[in-house]
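Okay, so here's the structure we're looking at.
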There are 4 protein chains.
Amino acid sequence: MISRHDPQLKSFASDNYAGVHPEILRAIADANGGHQIAYGDDVYTEALREVFQRHFGERAQAWPVFNGTAANVVSLRAMTAHWEAVICPESAHIHTDEGGAPEVVGGIKLLTVPTPDGKLTPELIDRQAWGFGDVHRPQPRVVSISNTTELGTLYTPEEIAAVCAHAHDRGLLVHLDGSRLTNAAAALDVPMRALTTDAGVDVLSFGGTKIGLLYGEAVVVLNPEAATGVDYLRKTFMQLSSKMRFVSAQFEALLSGDLWLRNARQANAMGQRLAAAVRDIPGVELPRPVEANAVFAVLPREVTERLQKRFRFYTWNEATGEVRWMCAFDTTEADVDAFAAAIREEMR
Amino acid sequence: MISRHDPQLKSFASDNYAGVHPEILRAIADANGGHQIAYGDDVYTEALREVFQRHFGERAQAWPVFNGTAANVVSLRAMTAHWEAVICPESAHIHTDEGGAPEVVGGIKLLTVPTPDGKLTPELIDRQAWGFGDVHRPQPRVVSISNTTELGTLYTPEEIAAVCAHAHDRGLLVHLDGSRLTNAAAALDVPMRALTTDAGVDVLSFGGTKIGLLYGEAVVVLNPEAATGVDYLRKTFMQLSSKMRFVSAQFEALLSGDLWLRNARQANAMGQRLAAAVRDIPGVELPRPVEANAVFAVLPREVTERLQKRFRFYTWNEATGEVRWMCAFDTTEADVDAFAAAIREEMR
Amino acid sequence: MISRHDPQLKSFASDNYAGVHPEILRAIADANGGHQIAYGDDVYTEALREVFQRHFGERAQAWPVFNGTAANVVSLRAMTAHWEAVICPESAHIHTDEGGAPEVVGGIKLLTVPTPDGKLTPELIDRQAWGFGDVHRPQPRVVSISNTTELGTLYTPEEIAAVCAHAHDRGLLVHLDGSRLTNAAAALDVPMRALTTDAGVDVLSFGGTKIGLLYGEAVVVLNPEAATGVDYLRKTFMQLSSKMRFVSAQFEALLSGDLWLRNARQANAMGQRLAAAVRDIPGVELPRPVEANAVFAVLPREVTERLQKRFRFYTWNEATGEVRWMCAFDTTEADVDAFAAAIREEMR
Amino acid sequence: MISRHDPQLKSFASDNYAGVHPEILRAIADANGGHQIAYGDDVYTEALREVFQRHFGERAQAWPVFNGTAANVVSLRAMTAHWEAVICPESAHIHTDEGGAPEVVGGIKLLTVPTPDGKLTPELIDRQAWGFGDVHRPQPRVVSISNTTELGTLYTPEEIAAVCAHAHDRGLLVHLDGSRLTNAAAALDVPMRALTTDAGVDVLSFGGTKIGLLYGEAVVVLNPEAATGVDYLRKTFMQLSSKMRFVSAQFEALLSGDLWLRNARQANAMGQRLAAAVRDIPGVELPRPVEANAVFAVLPREVTERLQKRFRFYTWNEATGEVRWMCAFDTTEADVDAFAAAIREEMR
């Protein structure tokens, strides 16, 4: 088979439009050949434990799954009883973009809170953290936040610590959807554990696909008392990979050195470069802070339409004309500059 | 990263202990680089439609998913209303080995039938195909069979046609779990459509992982009137791969030429070679026909224990001492001969 | 057994604190004795069809269930495929007070909209009626409204018609939670079909318990094309009463004459009487229109506390000090006057 | 309303064809009038605790629900985690006659065992009690038995104790579907606790409807360590009655004196009388022991058809021509004698 596509073509649509980082592909090839025990009893998965512990502390345990929706649903299900519910921002990916998986497949009720910037605070949590012991009300049990958020914003370690302290105070556990945790840590220049384990997060969905893996996310239990049955749930929720050695090998390649950081820094830097390059174009407005690899912009609808014929990206909000430009680990300075030039051109 | 394992070491435990066929790895590499639309709107997935149609007829449409459990659950859910149930053999993988996913995640009731050889017949179907219109009884709607079966046996095209004719007569649809359909077709020396579309099967779970893919199975709807909402169900059931181009590229590499057939023939031939090599060893009994790549044997428990220290394989039935030896696409004549020699040695 | 309670004591907590209307009890007694086919094939249930058709039109079909949560969940499940979602007000009973049953038991995603008064409008519906065909977004399929609403407000026939027209235009169906539909019709002095069938409602949860039944609600399908499998869903969702003759006999007693209307008028009139009696008390504020049998009031917290020692009622909003006073079919003028006097007294 | 049916007409179809015992109806009337706190905080429900404790021991706690399917599903869900399964006879009501509620609504996998007489034994339990710790296999957690069974047979206290001891030994809990526990206790002339608490049963579904209630079953937790969240599950599973005082008052009337025993003895005695009256009729075969209120018989199909025009009863097994005759608490000697005479007549 020859390649069916132009491997030079980049987009600004999503970081999962990117392919696989060459070091990840090499890790898959290295793990190939011969037979390994299926379903996670292989030597690569065994080695993974220590890799995750190095990043998230000695109590951390990781269970690779196929995708982010699954990491979230398995995490939340492992943290809740049948009658317990999850508090999350109205903009949370679990609420808006997972095809209803938490409710339909997981049987989990979400209690949403509108936020200005995709971030929960103790005050916002309290909008839903009530009714404990009332059988009529789905019982709040987990607070779920994302870092970076769907709106490209960041929680600092202090903000997460405040969320966790408040949640724990209320008898709630904290789940963090970290499909872009690497980007957050790189942007803040802190180790990932500062944003998770050290801040009090109980369970983490760790994202690999958007930062260069072929496929693979992980349920990472940071507080073993906060989750039960992940082993079984992963299987029952159809997330147990038979040839798991290859998922684990990818994670090892990503996390044992600094590949995760290099990739995240590149994506973030390209976001900053893009923001800097367009901020002064008359008529282009950047309504949100650019904190990691996402740039939100408002520009005239006809410009968006012309631009989308040249570069792929998504309209975020049909009503306001806001668009989202996403940079990936493989976005280059040349990609950004070409895109920025096109924007400038179309805005004339 | 260097390889953590001995790539020469083979087992007879399962065909998913094997790794990835080199042509598949190459297809992944060829599909890499640049950006492609995520979630299935890429050129590789587009090309896949025609590939599946060539094998399964013009009405066939395939939806790649991550694993076999998911292919089965999404298939069955797309074929049933909330109150409808699935008739399957007691030995069916969906019943015994999927962690309860059909019931727990899919909300689907299974109605099981004991079989001598893992195969349903019209008579056996009728053991559960009754009670239509009675609200107290979960309403039978689908007959689910596997080819090859969990017991290594095969349905011929005629047998499947008989199952389908009878099922359709009763107002039932037919699902085929084809996690080893390639092995079945190769063993019978018929095209895959003879065992599926042409025999009347409505929906197929097509297996890629066991025959050389890194990961990837597919829900293949053969009769468009038999399934609804697969697009949505795949997402909701957490099976929508973001970088789907790589799953599709693997399937294309497997199915556009004869890789599937070469791999299946190799696995089957090794099964026959192994059976031939051990059949005359005094004390070794082969209680089931060896029809594809699985060999079932009964041997003394202490022999099994000693053998398992040298080669990995599973005890199938603790009570009877029956074991299962599985050959994979990468099992070689030398692997088989070494294993057969070891069996002969330990039986002395 | 002697009575364990004071049958004179009334409350203003909820209309389901009331007991059973004597005519309903008599109907149960009349249906007693001898044997009748269980599970709904009895002569009382047979007779019920015509009774509901008289109120809701010739296409109406009713399925009695045990309680209101079940009427809602069975209705919504019968109207949706697995991947389809329900748009409802943030204050909807299905969202706030059913223990998560729609999601946990029904597997149904709710898409909520904040409203000023518990009522949806075409504009508010459009806040969630988008994303059709996008597999990432739970697909909107049903608009669910309540009449009277959780906030005691009413939709007029015209308002419901506007909701239905808009919903149908968008390809959505309409469900009406009519646990207090009788109160709404009585308050507006219109037949119940003006608020349902004639306005375009597709499926109705009809409430009996709050208006004088011992137990019993009904799923009423007004548009047969809008719901499938209610027969089966009722059983599977654990709502098939074995001795159904008694549920049906109650509904017949309620609906074949004017008992429903007498009861609803009484409850509503008592709501108006209470509002009139307290409206001029200095320091008592009625922040919402009193349209049926619910009166919402804001009064000093310490007054609420003293009053609750004398009469049972609920604080509706801890933050604002708003309370809810509910009148039932058996609330008398004397009950209201005594309560109003107590309020006046405590406010001094 | 006048009665629509002939209150003299009896059937032998099922004990839930019967109506309500007059003492139960009186209890409902006595509990009527005035207001009582809804949803179970009333004085009747409060009193119920002690009533159940008297029968089932001091640790027993009862939660009334609407029907038997619900009692079973709530019980089993309260005893299991998401990945845990229930072992039951192939003839169990939860498997055959609950519309798939355990799987579809509860998400609970059943592992069935064929039995000769509807009864499990330690040996039969072991047919499914294996695979602990294997994530591929739904994890056995509960053994569910019925007394009396669907086949009209009885477990003695010793047999139940043996089942419980074995189950507990294997780390399994025991659920007893006691929709006809009263009949079993009466037939064996033992207190109900001998068949439940004292024998080691952990959770009981206690049946009221078939023994004279209008409606009402109960989840009775005998071992508080065996079930969690029943309060919440009852609500979420749509089983929380708003006017619960009336369910509780019925249970009190049934259980505080000997009404349950009188009713059960009557039904059982009529079963014996019927068996005795027909046993010697040539051509009538009673293939199962008559141990409580069910009589199974095999007779010529044409006789069955003629008889069914005169008396309502069910064919149990179309293939063998076996029929089931069920006696209720209100079946009289005259009813039995008339039926037996008809059988004799039709057999001539």
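Identifiers in the structure tokens: chain A, B, ... in order shown; residue index from 1 per chain; ligand index from 1 in order shown.
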Proximity check chain A to chain C, 6 Å, nearest pairs one decimal Å, only C-alpha atoms, as CSV:
residue,atom,partner,partner_atom,distance
A:Asp97,CA,C:His136,CA,4.7
A:Glu98,CA,C:His136,CA,5.4
A:Gly99,CA,C:Pro138,CA,4.5
A:Gly100,CA,C:Pro138,CA,5.2
A:Glu103,CA,C:Glu103,CA,5.2
A:Val104,CA,C:Gly107,CA,4.1
A:Gly107,CA,C:Val104,CA,4.2
A:Ile108,CA,C:Val104,CA,5.9
A:Lys109,CA,C:Glu103,CA,5.8
A:His136,CA,C:Gly99,CA,4.7
A:Arg137,CA,C:Gly99,CA,4.9
A:Pro138,CA,C:Gly99,CA,4.5
| said: Neighbouring residues of B:Phe296 were defined as those with any atom within 9 Å, considering only C-alpha atoms; residues of the same chain fewer than 5 positions away were excluded. Please report them as a VMD selection string. | reply: chain B and resid 151 to 152 275 285 to 290 316 322 to 326
| Sel. of alpha helix (DSSP H) residues, stretch 79-206 of chain C, as an MDAnalysis selection string | chainID C and resid 79 93:96 101:104 122:126 157:169 181:188
Prev. selection, N, CA and C atoms, output as a short mmCIF file (atom, residue, chain, number, x, y, z; two decimals), in the first residue's frame:
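In the end it all went to again_2.cif:
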data_model
loop_
_atom_site.label_atom_id
_atom_site.label_comp_id
_atom_site.auth_asym_id
_atom_site.auth_seq_id
_atom_site.Cartn_x
_atom_site.Cartn_y
_atom_site.Cartn_z
N MET C 79 -39.93 6.56 23.35
CA MET C 79 -39.84 7.59 22.32
C MET C 79 -38.44 7.75 21.74
N HIS C 93 -38.92 17.73 37.02
CA HIS C 93 -38.93 16.66 38.02
C HIS C 93 -38.03 15.50 37.58
N ILE C 94 -38.04 15.16 36.29
CA ILE C 94 -37.19 14.06 35.81
C ILE C 94 -35.71 14.35 36.05
N HIS C 95 -35.35 15.62 36.11
CA HIS C 95 -33.95 15.98 36.33
C HIS C 95 -33.62 16.09 37.81
N THR C 96 -34.53 16.65 38.57
CA THR C 96 -34.18 17.02 39.95
C THR C 96 -34.62 16.00 41.00
N ALA C 101 -33.28 8.27 37.85
CA ALA C 101 -33.87 7.13 37.14
C ALA C 101 -33.76 7.23 35.61
N PRO C 102 -34.02 8.39 35.01
CA PRO C 102 -33.91 8.42 33.54
C PRO C 102 -32.54 7.96 33.05
N GLU C 103 -31.49 8.42 33.70
CA GLU C 103 -30.14 8.07 33.27
C GLU C 103 -29.75 6.67 33.74
N VAL C 104 -29.94 6.39 35.02
CA VAL C 104 -29.39 5.17 35.62
C VAL C 104 -30.18 3.93 35.18
N PRO C 122 -40.18 27.98 22.42
CA PRO C 122 -39.38 27.65 21.22
C PRO C 122 -37.94 28.15 21.34
N GLU C 123 -37.78 29.37 21.83
CA GLU C 123 -36.43 29.92 21.94
C GLU C 123 -35.59 29.09 22.91
N LEU C 124 -36.18 28.72 24.03
CA LEU C 124 -35.43 27.95 25.02
C LEU C 124 -35.12 26.54 24.50
N ILE C 125 -36.03 25.97 23.78
CA ILE C 125 -35.77 24.65 23.19
C ILE C 125 -34.54 24.71 22.30
N ASP C 126 -34.43 25.78 21.54
CA ASP C 126 -33.30 25.88 20.61
C ASP C 126 -31.95 25.99 21.31
N PRO C 157 -53.08 26.31 26.44
CA PRO C 157 -53.10 25.48 25.22
C PRO C 157 -52.26 26.10 24.12
N GLU C 158 -52.29 27.40 23.99
CA GLU C 158 -51.54 28.06 22.91
C GLU C 158 -50.03 27.90 23.14
N GLU C 159 -49.62 28.02 24.38
CA GLU C 159 -48.19 27.87 24.65
C GLU C 159 -47.71 26.46 24.35
N ILE C 160 -48.52 25.48 24.70
CA ILE C 160 -48.14 24.09 24.41
C ILE C 160 -48.14 23.85 22.91
N ALA C 161 -49.11 24.41 22.22
CA ALA C 161 -49.15 24.25 20.76
C ALA C 161 -47.91 24.85 20.13
N ALA C 162 -47.46 25.97 20.67
CA ALA C 162 -46.26 26.61 20.11
C ALA C 162 -45.03 25.74 20.36
N VAL C 163 -44.94 25.18 21.56
CA VAL C 163 -43.83 24.27 21.86
C VAL C 163 -43.86 23.07 20.92
N CYS C 164 -45.04 22.50 20.73
CA CYS C 164 -45.15 21.29 19.89
C CYS C 164 -44.84 21.61 18.43
N ALA C 165 -45.38 22.70 17.95
CA ALA C 165 -45.13 23.05 16.54
C ALA C 165 -43.64 23.22 16.31
N HIS C 166 -42.99 23.92 17.23
CA HIS C 166 -41.57 24.17 17.07
C HIS C 166 -40.78 22.86 17.17
N ALA C 167 -41.14 22.05 18.14
CA ALA C 167 -40.45 20.78 18.31
C ALA C 167 -40.61 19.91 17.07
N HIS C 168 -41.81 19.76 16.61
CA HIS C 168 -42.06 18.92 15.43
C HIS C 168 -41.29 19.45 14.22
N ASP C 169 -41.28 20.76 14.09
CA ASP C 169 -40.49 21.41 13.05
C ASP C 169 -39.02 21.00 13.08
N LEU C 181 -51.78 17.25 35.55
CA LEU C 181 -52.50 17.75 34.38
C LEU C 181 -53.93 18.12 34.73
N THR C 182 -54.52 17.36 35.64
CA THR C 182 -55.90 17.66 36.05
C THR C 182 -55.98 19.06 36.65
N ASN C 183 -55.01 19.40 37.48
CA ASN C 183 -55.00 20.75 38.08
C ASN C 183 -54.88 21.81 37.00
N ALA C 184 -54.05 21.55 36.01
CA ALA C 184 -53.85 22.53 34.95
C ALA C 184 -55.15 22.74 34.17
N ALA C 185 -55.79 21.63 33.79
CA ALA C 185 -57.02 21.75 33.00
C ALA C 185 -58.12 22.45 33.80
N ALA C 186 -58.21 22.09 35.07
CA ALA C 186 -59.23 22.73 35.91
C ALA C 186 -58.95 24.23 36.04
N ALA C 187 -57.70 24.58 36.22
CA ALA C 187 -57.36 26.00 36.41
C ALA C 187 -57.65 26.81 35.17
N LEU C 188 -57.40 26.20 34.02
CA LEU C 188 -57.62 26.91 32.76
C LEU C 188 -59.05 26.73 32.26
#
| said: One number please: atom CA of B:Ala249 to atom CA of A:Asn72, in Å, one decimal. | reply: 27.3 Å
| message | as a PyMOL selection string, please: every residue in stretch 38-98 of chain B that a backbone DSSP assignment puts in strand (DSSP E). | response | chain B and resi 61-65+84-89
How would the residues just chosen look if you wrote them out with N, CA and C atoms as a PDB file, in the first residue's frame?
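Now in part-v3.pdb:
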ATOM      1  N   GLN B  61     -21.598  -2.579   4.834  1.00  0.00           N
ATOM      2  CA  GLN B  61     -20.953  -1.369   5.348  1.00  0.00           C
ATOM      3  C   GLN B  61     -20.256  -1.705   6.672  1.00  0.00           C
ATOM      4  N   ALA B  62     -19.005  -1.230   6.782  1.00  0.00           N
ATOM      5  CA  ALA B  62     -18.192  -1.610   7.943  1.00  0.00           C
ATOM      6  C   ALA B  62     -17.910  -0.416   8.837  1.00  0.00           C
ATOM      7  N   TRP B  63     -17.979  -0.621  10.140  1.00  0.00           N
ATOM      8  CA  TRP B  63     -17.605   0.381  11.126  1.00  0.00           C
ATOM      9  C   TRP B  63     -16.496  -0.189  12.024  1.00  0.00           C
ATOM     10  N   PRO B  64     -15.269   0.260  11.843  1.00  0.00           N
ATOM     11  CA  PRO B  64     -14.200  -0.227  12.717  1.00  0.00           C
ATOM     12  C   PRO B  64     -14.449   0.124  14.188  1.00  0.00           C
ATOM     13  N   VAL B  65     -14.137  -0.818  15.052  1.00  0.00           N
ATOM     14  CA  VAL B  65     -14.172  -0.588  16.502  1.00  0.00           C
ATOM     15  C   VAL B  65     -12.877  -1.141  17.103  1.00  0.00           C
ATOM     16  N   GLU B  84     -35.639  -6.768  23.622  1.00  0.00           N
ATOM     17  CA  GLU B  84     -35.360  -7.927  22.782  1.00  0.00           C
ATOM     18  C   GLU B  84     -34.080  -8.645  23.207  1.00  0.00           C
ATOM     19  N   ALA B  85     -34.064  -9.947  22.985  1.00  0.00           N
ATOM     20  CA  ALA B  85     -33.006 -10.800  23.507  1.00  0.00           C
ATOM     21  C   ALA B  85     -32.291 -11.541  22.382  1.00  0.00           C
ATOM     22  N   VAL B  86     -31.178 -12.145  22.734  1.00  0.00           N
ATOM     23  CA  VAL B  86     -30.295 -12.790  21.771  1.00  0.00           C
ATOM     24  C   VAL B  86     -30.118 -14.265  22.146  1.00  0.00           C
ATOM     25  N   ILE B  87     -30.386 -15.135  21.203  1.00  0.00           N
ATOM     26  CA  ILE B  87     -30.194 -16.577  21.400  1.00  0.00           C
ATOM     27  C   ILE B  87     -28.770 -16.936  20.984  1.00  0.00           C
ATOM     28  N   CYS B  88     -28.049 -17.633  21.840  1.00  0.00           N
ATOM     29  CA  CYS B  88     -26.674 -18.016  21.504  1.00  0.00           C
ATOM     30  C   CYS B  88     -26.308 -19.326  22.196  1.00  0.00           C
ATOM     31  N   PRO B  89     -25.258 -19.994  21.732  1.00  0.00           N
ATOM     32  CA  PRO B  89     -24.818 -21.216  22.420  1.00  0.00           C
ATOM     33  C   PRO B  89     -24.310 -20.882  23.827  1.00  0.00           C
TER      34      PRO B  89
END
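Coordinates place atom CA of A:Asp42 at a distance of 26.2 Å from atom CA of A:Glu225.
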